[in-house]
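> Once you've had a glance at the structure underneath, I'll fire off some questions.
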Amino acid sequence: TESREHGAARGGVIDHMVHTPVQGSLLSDQQLIGYLFLLIGAGNDTTRNALSGGVAALLDHPGECERLLADPTLIPQAVEEILRWDGPGLAGVHVLNEDVDLHGQRVPAGSRIFQFVAAANRDPAVFADPDRFDIARDPNPHLTFGYGIHFCLGAPLARMEARIAWPILLNKLRDIELVETPQFSDSMIVRGLEGLRV
């Protein structure tokens with residue numbers, strides 16, 4: 001209510017959501033609440049899982065860990081490689097609004113399409129040596145945050161949080177090592193650590 005009355009000129013994230021028409025109409029209170037819960041949940045899960053997965057990846061690849069410790073200017077590229085390598089989103093389900101031709105096969109409207117982001121991020125047609133963890137990979141057109149209208153609203157925030165956290169985490173990586181293989185959650189949608197013994 002406060003943002004609807006006073007937020008048009010402020011320009012905050014919520015104010016933009018309240019005052020920007022979507023397909024010709026402002027979002028209802030129910031839609032706004034849904035989006036806010038999505039932002040809170042996705043931002044928390046994505047960042048937490050990307051950071052802990054990144055720690056596991058770097059500890060599992062000591063050469064790349066040493067490389068990053070020696071050259072922290074690689075943090076922005078390392079963030080992108082961590083997102084590609086073991087990103088927090090494995091897959092998603094979409095329902096087709098219209099018939100689609102997909103690699104020569106007709107898929108009718110209403111069909112559920114299960115997209116494997118993790119597989120796309122290891123596509124050898126897109127990534128040279130896709131099963132190699134390379135903190136300086138460039139270019140790195142991973143699809144961890146989705147694509148097009150399904151691009152993650154929180155991607156800029158997640159990237160910023162990671163770029164702030166990694167200089168702090170790097171100092172901790174000097175003094176720890178893996179004790180056992182990381183234990184990931186049993187989910188086909190979200191990739192997250194259940195435990196990381198160091």
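In the structure tokens, each chain is lettered A, B, ... as it comes, each chain's residues begin at 1, and ligands are numbered from 1 in order of appearance.
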Residues of segment 4-85 of chain A in helix (DSSP H, G or I) according to DSSP, as a ChimeraX atom specification?
/A:4-6,13-19,29-60,62-70,72-85
> Give me the residues near Asp29 of chain A as number ranges by chain, where near means some atom within 12 Å (using only C-alpha atoms) and where sequence neighbours in that chain fewer than 2 positions away do not count.
A: 1, 3-4, 14, 17-19, 26-27, 31-36
> I'd like the contact shell of Val100 of chain A - 12 Å cut-off, only C-alpha atoms, skipping same-chain residues fewer than 5 positions apart - returned as a count of residues only.
10
> Hey, which bits of segment 65-161 of chain A sit within 7 Å of segment 46-56 of chain A, and for each residue what's the closest pair of atoms and how far apart in Å (one decimal), counting only C-alpha atoms, rows by chain and increasing number, as CSV?

```
residue,atom,partner,partner_atom,distance
A:Ile82,CA,A:Gly54,CA,5.4
A:Leu83,CA,A:Ala50,CA,6.5
A:Asp86,CA,A:Gly53,CA,6.4
A:Gly87,CA,A:Ala50,CA,6.0
A:Pro88,CA,A:Asn49,CA,5.5
A:Ala158,CA,A:Thr47,CA,5.7
```
> Using the selection just defined, write its residues with C-alpha atoms as a PDB file, in the first residue's frame.

```pdb
ATOM      1  CA  ILE A  82      31.207 -21.993 -10.639  1.00  0.00           C
ATOM      2  CA  LEU A  83      27.677 -21.208 -11.820  1.00  0.00           C
ATOM      3  CA  ASP A  86      27.752 -26.833 -10.481  1.00  0.00           C
ATOM      4  CA  GLY A  87      24.999 -24.242 -10.606  1.00  0.00           C
ATOM      5  CA  PRO A  88      22.154 -24.250  -8.101  1.00  0.00           C
ATOM      6  CA  ALA A 158      23.271 -13.305  -6.987  1.00  0.00           C
TER       7      ALA A 158
END
```
> Would you tabulate, counting only C-alpha atoms, all residues of segment 60-136 of chain A that have an atom at most 9 Å from an atom of segment 171-180 of chain A, showing the closest pair of atoms and their distance in Å to one decimal, sorted by chain then ascending number, as CSV?

```
residue,atom,partner,partner_atom,distance
A:Asp60,CA,A:Leu178,CA,7.4
A:Cys65,CA,A:Leu173,CA,8.0
A:Glu66,CA,A:Arg174,CA,8.6
A:Leu69,CA,A:Arg174,CA,7.9
```
> Just asking: which residues within segment 38-198 of chain A are strand (DSSP E or B) according to DSSP, as number ranges by chain?
A: 89, 91-95, 100-102, 105-107, 112-116, 183-184, 190, 193-195
